[in-house]
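Below: one structure, written as structure tokens.
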Amino acid sequence: MKGINLAYCGRYFKGVTCLYLGHFPKKVWPRLALIFMVTVLIVSCGTKHQENTPNAKHVVVIGFDGLSPDGLAKANTPTFDKIRSEGASTLHARAVLPTSSSTNWASMIMGAGPEQHGITSNSWEKNNFVLPTVTQGEDFLFPTIFRLIDDQIENAEIGAIYDWGGFGRLFEKSALDYDINAATEDETATLASAYVKEKKPSFTFVHFDHIDHAGHEYGHGSPEYYKSVEKADAKLAEVMQAIKASGMQEETLVIISADHGGLGKGHGGESLQEIEIPFILWGKSVKKNHVLKYPVYQYDNAATVAYALGIDLPLACIGKPVKDAFEGFEVKDDYPLTIRVYPPTIYPKPVLNKKAGGLFDRQATIRMENPNPSGEIRYTLDGSMPNNSAALYTQPINTTKNGVVKSAIFKDGNIISTVSEAFFRIKEKDKDPPISYEVYYLDNLKSIPSLANKRPDARGTCFEITSDEVKEEIKANTVVKFSTTIQIKEEDRYTFYTNSDDGSKLWINKELVVDNDGDHGVMERDGSILLQAGTYPLEVVWFNGGGSGWLNVDYKSSSLPKQVLPTTILK
């Protein structure tokens, strides 16, 4: 290395800071030259190993309101199936809480959760909110992927076609070139297809709402629900055909997902049925027939769009691109997504929001079934969580007592499913109904009204405080008041729960214990009260603003597991 003058290295290695060796003693020249050569090697190697990105020119996000993994598993969906086989997917992505539409559509297009963007319910508006956004691109609105694309890609063509009008309030109107609130899912597909073929947009968001309507009207898991998923499959085929006909197919990334699933006729809760959603990627640089093995969250959608288009997200975003879906990336982590098998089926099965089990005269038979090809059922009857030493289910169980059944699938000593619950209540065959109820038909209900000086339109008696007991009386704008007396055997702090659609309230001894009021989907609220041994008047008022509605009441204490309020303690 002796005698080399590095003062002129800039001619050959642009950007490398160079030194004149004459300024240093000759004995250090070899060391300096070695440092120089290593630096050149690092710089040159760095330019050769940049991250491979999808470099898509077009991204199309297609969202289906209320589409659950169960819908894709049980409906006839050839288009979804084909796209999954040609792309990367998971049926175990997670929505954010609460599992309401506004919160999750916002998270999908903002790359952030409700803690960041502040859209915490469907009642959110720019002039009606509680939690302000942490950062904003427009007054009171977290920056969306629409704004980011418009800001960072010159002459980007951006469009949104959606048939739920509420989606249109979640993004910056000025960022879009095409903003259409379609009347139906059919019109949504037609307009989106025409837009894609004519404009070849940089980013298109397509929103379908009809599956959610079927879930609310008929219930998730109903034949009508699965039929709506099959129609979604046909609408998806229409949009995909437009992408192919546009000529932009080879440069396009398609992301298909949902805002939430559902349970019974509603959503908004914390169950797996409500929070798990499909996440499917197809097109430019996407791996073929690839199952995503690591967790995917709702807010990762916008981050993946940004990654594919090569744009930056604000630091306030928490979403991460789903890189494992793309060619050239291998994710290695010790904590992959935990996939569980189906839990045991306990008969009588749950129906919509009605829990498994039921009310029986004198005796009930508990029957369980393993819906999986392998594994064994272990169970408890006292409400405790089953473990590998719990009773092994081998045959139906007869019981003459109230019981809370919990069961799960085990294999090789490990629990491999979620836990199924069932509530069995036993009553004497000749017991008189311990609950009286009054029905009121009113107008424009948004909360529980005062019933003072109002004459009930119907009266009756029943065994349990549930909407099932009065379902023949229920229509839109109905209020039901249930009245009974509860017998408390031991002094303790008791927690009561109402699970209702719409609002409900529960009083013990004229003290409000549970306030679950409001115009909302199925939602559970609770409250506690210290009670001594004795009898107390109990009253529940519930209203149904529209649709079918739902109500059930549970309770627990330090010695009693959470369970349906049993008729045996009511007078």
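Ligands are numbered from 1 in the order shown, residues from 1 within each chain, and chains are lettered A, B, ... in the order they appear in the structure tokens.
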
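Shell of range 378-390 of chain A at 6 Å, with only C-alpha atoms counted and residues fewer than 3 places along the chain excluded, is Tyr393, Gly403, Val404, Val405, Lys406, Ser407, Ala408, Gly413 and Pro561 of chain A.
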
Keeping only N, CA and C atoms, write the selected residues as a PDB file, in the first residue's frame.
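What follows is the written file out_7.pdb:
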```
ATOM      1  N   TYR A 393     -64.491 -36.777  28.492  1.00  0.00           N
ATOM      2  CA  TYR A 393     -65.853 -37.047  28.020  1.00  0.00           C
ATOM      3  C   TYR A 393     -65.866 -38.321  27.186  1.00  0.00           C
ATOM      4  N   GLY A 403     -75.753 -26.187  36.243  1.00  0.00           N
ATOM      5  CA  GLY A 403     -74.338 -26.396  35.976  1.00  0.00           C
ATOM      6  C   GLY A 403     -73.806 -25.498  34.883  1.00  0.00           C
ATOM      7  N   VAL A 404     -72.553 -25.109  35.031  1.00  0.00           N
ATOM      8  CA  VAL A 404     -71.842 -24.350  34.010  1.00  0.00           C
ATOM      9  C   VAL A 404     -70.797 -25.282  33.411  1.00  0.00           C
ATOM     10  N   VAL A 405     -71.024 -25.703  32.175  1.00  0.00           N
ATOM     11  CA  VAL A 405     -70.145 -26.668  31.522  1.00  0.00           C
ATOM     12  C   VAL A 405     -69.088 -25.913  30.719  1.00  0.00           C
ATOM     13  N   LYS A 406     -67.836 -26.285  30.916  1.00  0.00           N
ATOM     14  CA  LYS A 406     -66.746 -25.760  30.090  1.00  0.00           C
ATOM     15  C   LYS A 406     -65.949 -26.950  29.577  1.00  0.00           C
ATOM     16  N   SER A 407     -65.686 -26.956  28.285  1.00  0.00           N
ATOM     17  CA  SER A 407     -64.963 -28.081  27.695  1.00  0.00           C
ATOM     18  C   SER A 407     -64.028 -27.596  26.609  1.00  0.00           C
ATOM     19  N   ALA A 408     -63.005 -28.401  26.327  1.00  0.00           N
ATOM     20  CA  ALA A 408     -62.021 -28.056  25.294  1.00  0.00           C
ATOM     21  C   ALA A 408     -61.432 -29.338  24.719  1.00  0.00           C
ATOM     22  N   GLY A 413     -51.896 -34.144  25.987  1.00  0.00           N
ATOM     23  CA  GLY A 413     -51.879 -33.415  27.249  1.00  0.00           C
ATOM     24  C   GLY A 413     -51.986 -31.915  27.138  1.00  0.00           C
ATOM     25  N   PRO A 561     -69.707 -19.386  39.845  1.00  0.00           N
ATOM     26  CA  PRO A 561     -69.176 -18.954  38.554  1.00  0.00           C
ATOM     27  C   PRO A 561     -70.205 -18.107  37.815  1.00  0.00           C
TER      28      PRO A 561
END
```

Mind checking which residues fall within 6 Å of Ile409 in chain A, counting only C-alpha atoms, ignoring those fewer than 5 positions away in the same chain, and posting them as a short mmCIF file (atom, residue, chain, number, x, y, z; two decimals) with N, CA and C atoms, in the first residue's frame?
```
data_model
loop_
_atom_site.label_atom_id
_atom_site.label_comp_id
_atom_site.auth_asym_id
_atom_site.auth_seq_id
_atom_site.Cartn_x
_atom_site.Cartn_y
_atom_site.Cartn_z
N GLY A 375 -58.00 -35.72 18.74
CA GLY A 375 -58.11 -35.02 20.01
C GLY A 375 -59.19 -35.62 20.89
N GLU A 376 -59.21 -35.22 22.16
CA GLU A 376 -60.19 -35.70 23.12
C GLU A 376 -60.82 -34.53 23.86
N ILE A 377 -62.04 -34.73 24.34
CA ILE A 377 -62.76 -33.68 25.07
C ILE A 377 -62.57 -33.87 26.56
N ILE A 415 -53.94 -28.35 25.64
CA ILE A 415 -55.19 -27.79 25.13
C ILE A 415 -54.93 -27.21 23.74
N ILE A 416 -55.76 -27.58 22.76
CA ILE A 416 -55.50 -27.15 21.38
C ILE A 416 -56.72 -26.44 20.76
N SER A 417 -57.71 -26.13 21.59
CA SER A 417 -58.89 -25.40 21.10
C SER A 417 -59.23 -24.29 22.07
#
```

Looking only at alpha helix (DSSP H) from DSSP on the backbone, list the matching residues of range 161-338 of chain A as a ChimeraX atom specification. /A:185-199,210-218,223-246,272-275,300-309

Shell around Val479 in chain A at 12 Å using only C-alpha atoms, local window under 2 positions removed, as a PyMOL selection string: chain A and resi 437-451+454-459+467+470-471+473-477+481-482+501-505+540-546+549-551

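Between CA of Lys227 in chain A and CA of Thr77 in chain A the separation is 10.0 Å.
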